[in-house]
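Working notes for the structure below.
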Amino acid sequence: MSRYYTARIIFHNTILGLPKFWGEMASCLTWFKRPRTVIEGEPPNASWYSGGTLNISFNAVDRNLDEPERVAFYWTNEAGEERAISYRELWNEVNRASYVLREMGIRKGDTVSLIMPSVPEAVFFSLAVHRLGAVLVIHYIGLSEDTLAYRLNDAGSKLLILATRTVRNGKEIDITSMARRALSKGTQVEKVLVVGRGKRDSHDLEKGEVDYNDVYSRGKVEVRPVPVESNSPSTIYYTSGTTGRPKGLEQSTGGYLVALNWAFRALMNPRRGEVWWTISELGWPVWPMANLYVIPVMGLTAVLFEGFVGHRPDTFVRVVERFGVNLVWSSTTTLYTLKSLGDESVSGDTSSLRLILNTGEPLNVGAWYWLRQRLPHVYIGDAYWMTEHLFPIAGTPWGVGEIPYKPGSAGVMFPGSEYHILDDDGRPLGSGKKGYIVIRPISPALARMHNDPDNERFLKTYWSRFPGYFYTGDYGYHDTQGYLFVLGRADDVIQKGERIGTMEVESVVVTHPSVAEACAVGYPKVDGEGILLIVVPRKGVTANETLAEDLKSYLRNSGFLVDRVVFASRLPKTKSGKIMRRLIRALIRGENPGDISTLDDVTVLHELREVLKHN
Ligand code: ATP
Ligand code: MG
């Protein structure tokens, strides 16, 4: 790491440097009214850029009219259909959508929900919601009807906007029917705006439903962007639900956008005209962060891909080639999918590609090398953040200085934020020592809990374990150069003699040639905890007792004594692709698995029950 970078980081993270730093960063946005101050009060009760007013849609759309024909979005899907939307068209469509939403009664401060696949309309309507100063809540496709009904009510949405259907991995998904089932449970939603995906959708509307096609204005309409105070909420996100029931979190308008735009300048240093593809579902914060709050705000070009990237082995590389993609931001699970698809997934003309950024889970060293060997011209970066703090806790800010990558690490400290590793008693630990990851000082992208006006629940959840620090719930260590290694969730730490983070075991086992994916959990034994490993074998590999023994001895050579190895066809994952280890622990103990509202595929439960019973 360069000395220059280290010196800057030390300055920015001091009390003197922090407001100055974040004050300078605010100039990336156009403010209708300049903020009075940078920060007032102390985190977690701080206000950022108070008195400043702005509008997200103005920053993302109107500011780009200097070059109106530039492409704002490319869209493509599994079948290879395509669209290109210029910034001029984006302006027109956002204004048309805003007009309709305003006619439907949406005003500043209202909450609007949206369920759509990755299509341009998702961008039009999201930015239209922001143009009116309303609060946006994007939901995953395929949440159970109870979960969706709960979230619609929790968020207090009056309006739900949906696209009628989508195709994922070759299968058609009927979104309208899903939404109707949720609404029949009783919600506060008064109207549903239905956005058709072709002629055959424009029939059979039910009560309260409005077909966008019927109210859409063909002519030019202009809706003035509504000024919003910096600290007003812009969006509500729900956490992934990996460690428990998902939590609803609000992000502000000014601070959130400033923090995100700085984060990506540092992570990617994007240049005007560059093409950026974010591989994520809409319900995960990653999609809106990139496609609503950074790409158009920086005037870049986004690729929206509708469907599953693993649908065909060459889908990824075809999209990169077709649109000349320069930057990819991907969930960890997607990078594992590419690896499991084999070399074909990245063989082709990838010369445009210069960076792949990982987020979601620690990227294991095996996958890192796999990508690096096949794409030697591409920098494999990392950013570690969480819904509660959508600013990197650690990352690879190579836009700022030379940040050589260390495989297995989430990167270094970010200017504007600061992590520490603490022991059980809250004492800071030095390099090489494993402990709890906490953050201080806190960036402007620190969320507030939804429906928690006095910040009480937030303080209790995140501030009480280690007074003075925000507790991430993660476990890890840093090395002498300040590179952070996330070893897993603190809840999942295995107590076997010493404390072992799940990632420590998993990152070894996935280097075995017979293993596609694996997950480690601790379970109670008479003499402490045992390690259970659930292994997904590679295609064509026979999973038997011999392989199980082989894996045990493979791990023993790395210092891990594994007690049980079982095989399964897949792992229990959240919709954002994270392994739900708590579910496996519950199954072993014969307990209720708890909240599984974000479990991507519930049929995995049955399979796991069977394999755990018979082993
Ligand atoms: P819940 O809080 O509901 O249990 P969750 O923590 O998975 O779910 P998110 O906010 O989507 O919800 O994920 C944040 C977590 O993801 C972090 O706390 C960390 O454990 C993990 N994470 C995210 N990015 C990275 C990364 N680049 N490297 C390592 N871990 C990461
Ligand atoms: Mg979390």
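In the structure tokens, chains take the letters A, B, ... in the order shown, each chain's residues start at 1, and ligands count up from 1 in the order shown.
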Env of A:Trp277: 12 Å cut, atoms = only C-alpha atoms, seq-sep filter 2 positions within chain, self excluded. Answer as a PDB file with N, CA, C and O atoms, in the first residue's frame.
```pdb
ATOM      1  N   ALA A  72     -27.665   5.375 -21.593  1.00  0.00           N
ATOM      2  CA  ALA A  72     -27.744   5.282 -20.130  1.00  0.00           C
ATOM      3  C   ALA A  72     -27.790   3.803 -19.720  1.00  0.00           C
ATOM      4  O   ALA A  72     -27.119   3.388 -18.782  1.00  0.00           O
ATOM      5  N   PHE A  73     -28.606   3.026 -20.463  1.00  0.00           N
ATOM      6  CA  PHE A  73     -28.801   1.616 -20.102  1.00  0.00           C
ATOM      7  C   PHE A  73     -28.871   0.731 -21.330  1.00  0.00           C
ATOM      8  O   PHE A  73     -29.561   1.060 -22.285  1.00  0.00           O
ATOM      9  N   TYR A  74     -28.163  -0.367 -21.273  1.00  0.00           N
ATOM     10  CA  TYR A  74     -28.430  -1.466 -22.198  1.00  0.00           C
ATOM     11  C   TYR A  74     -29.220  -2.487 -21.418  1.00  0.00           C
ATOM     12  O   TYR A  74     -28.968  -2.688 -20.227  1.00  0.00           O
ATOM     13  N   TRP A  75     -30.149  -3.121 -22.084  1.00  0.00           N
ATOM     14  CA  TRP A  75     -30.868  -4.218 -21.429  1.00  0.00           C
ATOM     15  C   TRP A  75     -30.730  -5.460 -22.300  1.00  0.00           C
ATOM     16  O   TRP A  75     -30.735  -5.363 -23.535  1.00  0.00           O
ATOM     17  N   THR A  76     -30.570  -6.605 -21.669  1.00  0.00           N
ATOM     18  CA  THR A  76     -30.601  -7.866 -22.411  1.00  0.00           C
ATOM     19  C   THR A  76     -31.128  -8.951 -21.482  1.00  0.00           C
ATOM     20  O   THR A  76     -31.256  -8.739 -20.272  1.00  0.00           O
ATOM     21  N   SER A 118     -34.717  -7.050 -13.666  1.00  0.00           N
ATOM     22  CA  SER A 118     -33.771  -6.019 -14.073  1.00  0.00           C
ATOM     23  C   SER A 118     -34.106  -5.533 -15.487  1.00  0.00           C
ATOM     24  O   SER A 118     -33.563  -6.016 -16.474  1.00  0.00           O
ATOM     25  N   GLU A 274     -17.823   4.645 -19.700  1.00  0.00           N
ATOM     26  CA  GLU A 274     -17.558   3.243 -19.373  1.00  0.00           C
ATOM     27  C   GLU A 274     -18.866   2.488 -19.113  1.00  0.00           C
ATOM     28  O   GLU A 274     -19.870   3.072 -18.685  1.00  0.00           O
ATOM     29  N   VAL A 275     -18.791   1.178 -19.376  1.00  0.00           N
ATOM     30  CA  VAL A 275     -19.978   0.330 -19.271  1.00  0.00           C
ATOM     31  C   VAL A 275     -19.837  -0.566 -18.048  1.00  0.00           C
ATOM     32  O   VAL A 275     -18.831  -1.250 -17.884  1.00  0.00           O
ATOM     33  N   ILE A 279     -24.241  -7.554 -11.360  1.00  0.00           N
ATOM     34  CA  ILE A 279     -24.946  -8.842 -11.405  1.00  0.00           C
ATOM     35  C   ILE A 279     -25.561  -9.097 -10.040  1.00  0.00           C
ATOM     36  O   ILE A 279     -24.901  -9.547  -9.114  1.00  0.00           O
ATOM     37  N   SER A 280     -26.825  -8.735  -9.929  1.00  0.00           N
ATOM     38  CA  SER A 280     -27.526  -8.865  -8.649  1.00  0.00           C
ATOM     39  C   SER A 280     -29.023  -8.824  -8.914  1.00  0.00           C
ATOM     40  O   SER A 280     -29.480  -8.232  -9.888  1.00  0.00           O
ATOM     41  N   VAL A 286     -27.422  -3.946  -3.618  1.00  0.00           N
ATOM     42  CA  VAL A 286     -26.402  -3.785  -4.655  1.00  0.00           C
ATOM     43  C   VAL A 286     -26.997  -3.261  -5.987  1.00  0.00           C
ATOM     44  O   VAL A 286     -26.420  -2.382  -6.621  1.00  0.00           O
ATOM     45  N   TRP A 287     -28.134  -3.784  -6.396  1.00  0.00           N
ATOM     46  CA  TRP A 287     -28.718  -3.367  -7.681  1.00  0.00           C
ATOM     47  C   TRP A 287     -29.081  -1.876  -7.672  1.00  0.00           C
ATOM     48  O   TRP A 287     -28.598  -1.121  -8.528  1.00  0.00           O
ATOM     49  N   ALA A 290     -26.000   0.591  -7.485  1.00  0.00           N
ATOM     50  CA  ALA A 290     -25.279   0.821  -8.733  1.00  0.00           C
ATOM     51  C   ALA A 290     -26.159   1.512  -9.766  1.00  0.00           C
ATOM     52  O   ALA A 290     -25.805   2.568 -10.295  1.00  0.00           O
ATOM     53  N   ASN A 291     -27.330   0.937 -10.038  1.00  0.00           N
ATOM     54  CA  ASN A 291     -28.098   1.361 -11.208  1.00  0.00           C
ATOM     55  C   ASN A 291     -28.924   2.627 -11.008  1.00  0.00           C
ATOM     56  O   ASN A 291     -29.339   3.252 -11.976  1.00  0.00           O
ATOM     57  N   ILE A 295     -24.363   4.841 -11.139  1.00  0.00           N
ATOM     58  CA  ILE A 295     -24.095   4.843 -12.590  1.00  0.00           C
ATOM     59  C   ILE A 295     -24.682   6.089 -13.277  1.00  0.00           C
ATOM     60  O   ILE A 295     -23.944   6.841 -13.913  1.00  0.00           O
ATOM     61  N   LEU A 300     -22.528   7.304 -16.384  1.00  0.00           N
ATOM     62  CA  LEU A 300     -21.953   6.121 -17.036  1.00  0.00           C
ATOM     63  C   LEU A 300     -23.046   5.355 -17.772  1.00  0.00           C
ATOM     64  O   LEU A 300     -24.185   5.797 -17.837  1.00  0.00           O
ATOM     65  N   THR A 301     -22.687   4.185 -18.289  1.00  0.00           N
ATOM     66  CA  THR A 301     -23.658   3.346 -18.978  1.00  0.00           C
ATOM     67  C   THR A 301     -23.792   2.028 -18.219  1.00  0.00           C
ATOM     68  O   THR A 301     -22.779   1.394 -17.912  1.00  0.00           O
ATOM     69  N   ALA A 302     -25.029   1.638 -17.949  1.00  0.00           N
ATOM     70  CA  ALA A 302     -25.249   0.394 -17.207  1.00  0.00           C
ATOM     71  C   ALA A 302     -25.716  -0.712 -18.142  1.00  0.00           C
ATOM     72  O   ALA A 302     -26.356  -0.443 -19.162  1.00  0.00           O
ATOM     73  N   VAL A 303     -25.393  -1.939 -17.769  1.00  0.00           N
ATOM     74  CA  VAL A 303     -26.005  -3.088 -18.432  1.00  0.00           C
ATOM     75  C   VAL A 303     -26.992  -3.688 -17.437  1.00  0.00           C
ATOM     76  O   VAL A 303     -26.635  -3.966 -16.293  1.00  0.00           O
ATOM     77  N   LEU A 304     -28.239  -3.849 -17.879  1.00  0.00           N
ATOM     78  CA  LEU A 304     -29.239  -4.524 -17.051  1.00  0.00           C
ATOM     79  C   LEU A 304     -29.438  -5.903 -17.655  1.00  0.00           C
ATOM     80  O   LEU A 304     -29.772  -6.013 -18.839  1.00  0.00           O
ATOM     81  N   PHE A 305     -29.219  -6.923 -16.873  1.00  0.00           N
ATOM     82  CA  PHE A 305     -29.399  -8.277 -17.388  1.00  0.00           C
ATOM     83  C   PHE A 305     -30.574  -8.922 -16.660  1.00  0.00           C
ATOM     84  O   PHE A 305     -30.575  -9.032 -15.446  1.00  0.00           O
ATOM     85  N   GLU A 306     -31.570  -9.345 -17.440  1.00  0.00           N
ATOM     86  CA  GLU A 306     -32.755  -9.959 -16.848  1.00  0.00           C
ATOM     87  C   GLU A 306     -32.612 -11.471 -16.920  1.00  0.00           C
ATOM     88  O   GLU A 306     -32.545 -12.035 -18.008  1.00  0.00           O
ATOM     89  N   VAL A 309     -27.485 -15.526 -14.695  1.00  0.00           N
ATOM     90  CA  VAL A 309     -26.231 -15.502 -15.463  1.00  0.00           C
ATOM     91  C   VAL A 309     -25.715 -16.912 -15.734  1.00  0.00           C
ATOM     92  O   VAL A 309     -25.001 -17.149 -16.708  1.00  0.00           O
ATOM     93  N   PHE A 316     -22.328 -15.096 -19.434  1.00  0.00           N
ATOM     94  CA  PHE A 316     -21.530 -13.997 -18.886  1.00  0.00           C
ATOM     95  C   PHE A 316     -20.644 -13.374 -19.968  1.00  0.00           C
ATOM     96  O   PHE A 316     -20.671 -12.167 -20.204  1.00  0.00           O
ATOM     97  N   VAL A 317     -19.893 -14.228 -20.627  1.00  0.00           N
ATOM     98  CA  VAL A 317     -18.922 -13.702 -21.591  1.00  0.00           C
ATOM     99  C   VAL A 317     -19.617 -13.074 -22.808  1.00  0.00           C
ATOM    100  O   VAL A 317     -19.142 -12.092 -23.369  1.00  0.00           O
ATOM    101  N   VAL A 319     -22.409 -11.376 -22.763  1.00  0.00           N
ATOM    102  CA  VAL A 319     -22.854 -10.026 -22.380  1.00  0.00           C
ATOM    103  C   VAL A 319     -21.659  -9.076 -22.337  1.00  0.00           C
ATOM    104  O   VAL A 319     -21.722  -7.944 -22.826  1.00  0.00           O
ATOM    105  N   VAL A 320     -20.551  -9.540 -21.794  1.00  0.00           N
ATOM    106  CA  VAL A 320     -19.344  -8.698 -21.723  1.00  0.00           C
ATOM    107  C   VAL A 320     -18.904  -8.300 -23.127  1.00  0.00           C
ATOM    108  O   VAL A 320     -18.626  -7.135 -23.419  1.00  0.00           O
ATOM    109  N   GLU A 321     -18.888  -9.278 -24.030  1.00  0.00           N
ATOM    110  CA  GLU A 321     -18.457  -9.019 -25.412  1.00  0.00           C
ATOM    111  C   GLU A 321     -19.414  -8.073 -26.125  1.00  0.00           C
ATOM    112  O   GLU A 321     -19.005  -7.091 -26.731  1.00  0.00           O
ATOM    113  N   ARG A 322     -20.690  -8.391 -26.007  1.00  0.00           N
ATOM    114  CA  ARG A 322     -21.706  -7.664 -26.770  1.00  0.00           C
ATOM    115  C   ARG A 322     -21.719  -6.174 -26.426  1.00  0.00           C
ATOM    116  O   ARG A 322     -21.854  -5.320 -27.282  1.00  0.00           O
ATOM    117  N   PHE A 323     -21.588  -5.861 -25.127  1.00  0.00           N
ATOM    118  CA  PHE A 323     -21.711  -4.458 -24.715  1.00  0.00           C
ATOM    119  C   PHE A 323     -20.369  -3.824 -24.347  1.00  0.00           C
ATOM    120  O   PHE A 323     -20.332  -2.701 -23.874  1.00  0.00           O
ATOM    121  N   GLY A 324     -19.305  -4.556 -24.531  1.00  0.00           N
ATOM    122  CA  GLY A 324     -17.984  -4.007 -24.193  1.00  0.00           C
ATOM    123  C   GLY A 324     -17.904  -3.613 -22.730  1.00  0.00           C
ATOM    124  O   GLY A 324     -17.467  -2.505 -22.389  1.00  0.00           O
ATOM    125  N   VAL A 325     -18.336  -4.507 -21.857  1.00  0.00           N
ATOM    126  CA  VAL A 325     -18.404  -4.188 -20.426  1.00  0.00           C
ATOM    127  C   VAL A 325     -17.000  -3.937 -19.871  1.00  0.00           C
ATOM    128  O   VAL A 325     -16.078  -4.712 -20.105  1.00  0.00           O
ATOM    129  N   ASN A 326     -16.851  -2.821 -19.143  1.00  0.00           N
ATOM    130  CA  ASN A 326     -15.566  -2.485 -18.517  1.00  0.00           C
ATOM    131  C   ASN A 326     -15.514  -2.883 -17.048  1.00  0.00           C
ATOM    132  O   ASN A 326     -14.470  -3.264 -16.536  1.00  0.00           O
ATOM    133  N   LEU A 327     -16.658  -2.716 -16.378  1.00  0.00           N
ATOM    134  CA  LEU A 327     -16.686  -2.904 -14.931  1.00  0.00           C
ATOM    135  C   LEU A 327     -17.790  -3.880 -14.563  1.00  0.00           C
ATOM    136  O   LEU A 327     -18.915  -3.758 -15.063  1.00  0.00           O
ATOM    137  N   VAL A 328     -17.468  -4.840 -13.727  1.00  0.00           N
ATOM    138  CA  VAL A 328     -18.492  -5.773 -13.250  1.00  0.00           C
ATOM    139  C   VAL A 328     -18.528  -5.694 -11.734  1.00  0.00           C
ATOM    140  O   VAL A 328     -17.485  -5.739 -11.083  1.00  0.00           O
ATOM    141  N   TRP A 329     -19.717  -5.539 -11.197  1.00  0.00           N
ATOM    142  CA  TRP A 329     -19.879  -5.640  -9.744  1.00  0.00           C
ATOM    143  C   TRP A 329     -20.757  -6.865  -9.524  1.00  0.00           C
ATOM    144  O   TRP A 329     -21.856  -6.939 -10.063  1.00  0.00           O
ATOM    145  N   SER A 330     -20.262  -7.819  -8.765  1.00  0.00           N
ATOM    146  CA  SER A 330     -20.945  -9.104  -8.708  1.00  0.00           C
ATOM    147  C   SER A 330     -21.094  -9.603  -7.282  1.00  0.00           C
ATOM    148  O   SER A 330     -20.236  -9.372  -6.432  1.00  0.00           O
ATOM    149  N   SER A 331     -22.159 -10.335  -7.045  1.00  0.00           N
ATOM    150  CA  SER A 331     -22.285 -11.051  -5.775  1.00  0.00           C
ATOM    151  C   SER A 331     -21.269 -12.190  -5.795  1.00  0.00           C
ATOM    152  O   SER A 331     -20.896 -12.695  -6.862  1.00  0.00           O
ATOM    153  N   LEU A 353     -12.917  -5.621 -20.379  1.00  0.00           N
ATOM    154  CA  LEU A 353     -13.117  -5.739 -18.931  1.00  0.00           C
ATOM    155  C   LEU A 353     -11.860  -5.313 -18.180  1.00  0.00           C
ATOM    156  O   LEU A 353     -10.764  -5.774 -18.483  1.00  0.00           O
ATOM    157  N   ARG A 354     -12.012  -4.416 -17.188  1.00  0.00           N
ATOM    158  CA  ARG A 354     -10.822  -4.046 -16.426  1.00  0.00           C
ATOM    159  C   ARG A 354     -10.960  -4.311 -14.936  1.00  0.00           C
ATOM    160  O   ARG A 354      -9.996  -4.324 -14.208  1.00  0.00           O
ATOM    161  N   LEU A 355     -12.188  -4.533 -14.457  1.00  0.00           N
ATOM    162  CA  LEU A 355     -12.341  -4.750 -13.019  1.00  0.00           C
ATOM    163  C   LEU A 355     -13.567  -5.607 -12.718  1.00  0.00           C
ATOM    164  O   LEU A 355     -14.627  -5.417 -13.307  1.00  0.00           O
ATOM    165  N   ILE A 356     -13.385  -6.556 -11.808  1.00  0.00           N
ATOM    166  CA  ILE A 356     -14.528  -7.296 -11.255  1.00  0.00           C
ATOM    167  C   ILE A 356     -14.501  -7.047  -9.759  1.00  0.00           C
ATOM    168  O   ILE A 356     -13.478  -7.267  -9.107  1.00  0.00           O
ATOM    169  N   LEU A 357     -15.606  -6.567  -9.231  1.00  0.00           N
ATOM    170  CA  LEU A 357     -15.672  -6.248  -7.807  1.00  0.00           C
ATOM    171  C   LEU A 357     -16.599  -7.236  -7.104  1.00  0.00           C
ATOM    172  O   LEU A 357     -17.742  -7.418  -7.515  1.00  0.00           O
TER     173      LEU A 357
END
```
field: Contacts of A:Tyr216 within 9 Å, only C-alpha atoms, excl. fewer than 5 positions in-chain, as an MDAnalysis selection string
entry: chainID A and resid 96:97 99:100 211
N, CA, C and O atoms of the current selection, written as a compact mmCIF listing (two decimals), in the first residue's frame:
```
# COMPACT_ATOMS: atom_id res chain seq x y z
N ARG A 96 -42.47 10.85 -17.66
CA ARG A 96 -43.80 10.26 -17.90
C ARG A 96 -44.25 9.45 -16.69
O ARG A 96 -45.40 9.53 -16.25
N ALA A 97 -43.34 8.65 -16.18
CA ALA A 97 -43.68 7.81 -15.02
C ALA A 97 -44.00 8.69 -13.80
O ALA A 97 -44.97 8.44 -13.08
N TYR A 99 -45.20 11.66 -13.80
CA TYR A 99 -46.50 12.29 -14.01
C TYR A 99 -47.63 11.35 -13.57
O TYR A 99 -48.54 11.74 -12.85
N VAL A 100 -47.51 10.10 -14.00
CA VAL A 100 -48.55 9.12 -13.65
C VAL A 100 -48.58 8.90 -12.14
O VAL A 100 -49.66 8.86 -11.52
N ASP A 211 -53.47 -0.24 -15.39
CA ASP A 211 -52.50 -0.66 -16.40
C ASP A 211 -51.74 0.57 -16.87
O ASP A 211 -52.34 1.54 -17.34
```
Which chain A residues have any atom within 7 Å of an atom of ligand 2, and for each, what is the nearest pair of atoms with distance in Å to one decimal, counting only C-alpha atoms and all ligand atoms, rows sorted by chain and number, as JSON lines?
```
{"residue": "A:Thr239", "atom": "CA", "partner": "ligand 2", "partner_atom_place_in_ligand_line": "1 (Mg)", "distance": 6.2}
{"residue": "A:Ser240", "atom": "CA", "partner": "ligand 2", "partner_atom_place_in_ligand_line": "1 (Mg)", "distance": 6.9}
{"residue": "A:Thr242", "atom": "CA", "partner": "ligand 2", "partner_atom_place_in_ligand_line": "1 (Mg)", "distance": 6.9}
{"residue": "A:Thr243", "atom": "CA", "partner": "ligand 2", "partner_atom_place_in_ligand_line": "1 (Mg)", "distance": 6.7}
{"residue": "A:Met386", "atom": "CA", "partner": "ligand 2", "partner_atom_place_in_ligand_line": "1 (Mg)", "distance": 6.2}
{"residue": "A:Thr387", "atom": "CA", "partner": "ligand 2", "partner_atom_place_in_ligand_line": "1 (Mg)", "distance": 6.9}
{"residue": "A:Gly473", "atom": "CA", "partner": "ligand 2", "partner_atom_place_in_ligand_line": "1 (Mg)", "distance": 6.8}
```
Surrounding residues as a VMD selection string, ligand 1, max 7 Å, only C-alpha atoms and all ligand atoms: chain A and resid 239 to 247 284 358 to 363 382 to 388 410 472 to 474 486 488 to 489 576 578
query: as a PyMOL selection string, which residues of stretch 510-574 of chain A does DSSP assign to strand (DSSP E or B)?
result: chain A and resi 515-525+528-537+564-567+573-574
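Shell of A:Met116 at 7 Å, with only C-alpha atoms counted and residues fewer than 2 places along the chain excluded, is Leu114, Ser118, Ala122, Ile141, Leu162 and Ala163 of chain A.
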Test item: residues at most 12 Å from A:Gly366, only C-alpha atoms, excluding those fewer than 2 positions along its chain, as a VMD selection string: chain A and resid 335 to 336 339 to 340 362 to 364 368 to 373 407 to 408 506 to 513 515 to 517
task: Step one, run DSSP on the backbone; step two, keep only residues of stretch 334-394 of chain A assigned to alpha helix (DSSP H); then write them as a list of chain:residue names.
output: A:Thr334, A:Leu335, A:Tyr336, A:Thr337, A:Leu338, A:Lys339, A:Ser340, A:Leu341, A:Val365, A:Gly366, A:Ala367, A:Trp368, A:Tyr369, A:Trp370, A:Leu371, A:Arg372, A:Gln373, A:Arg374
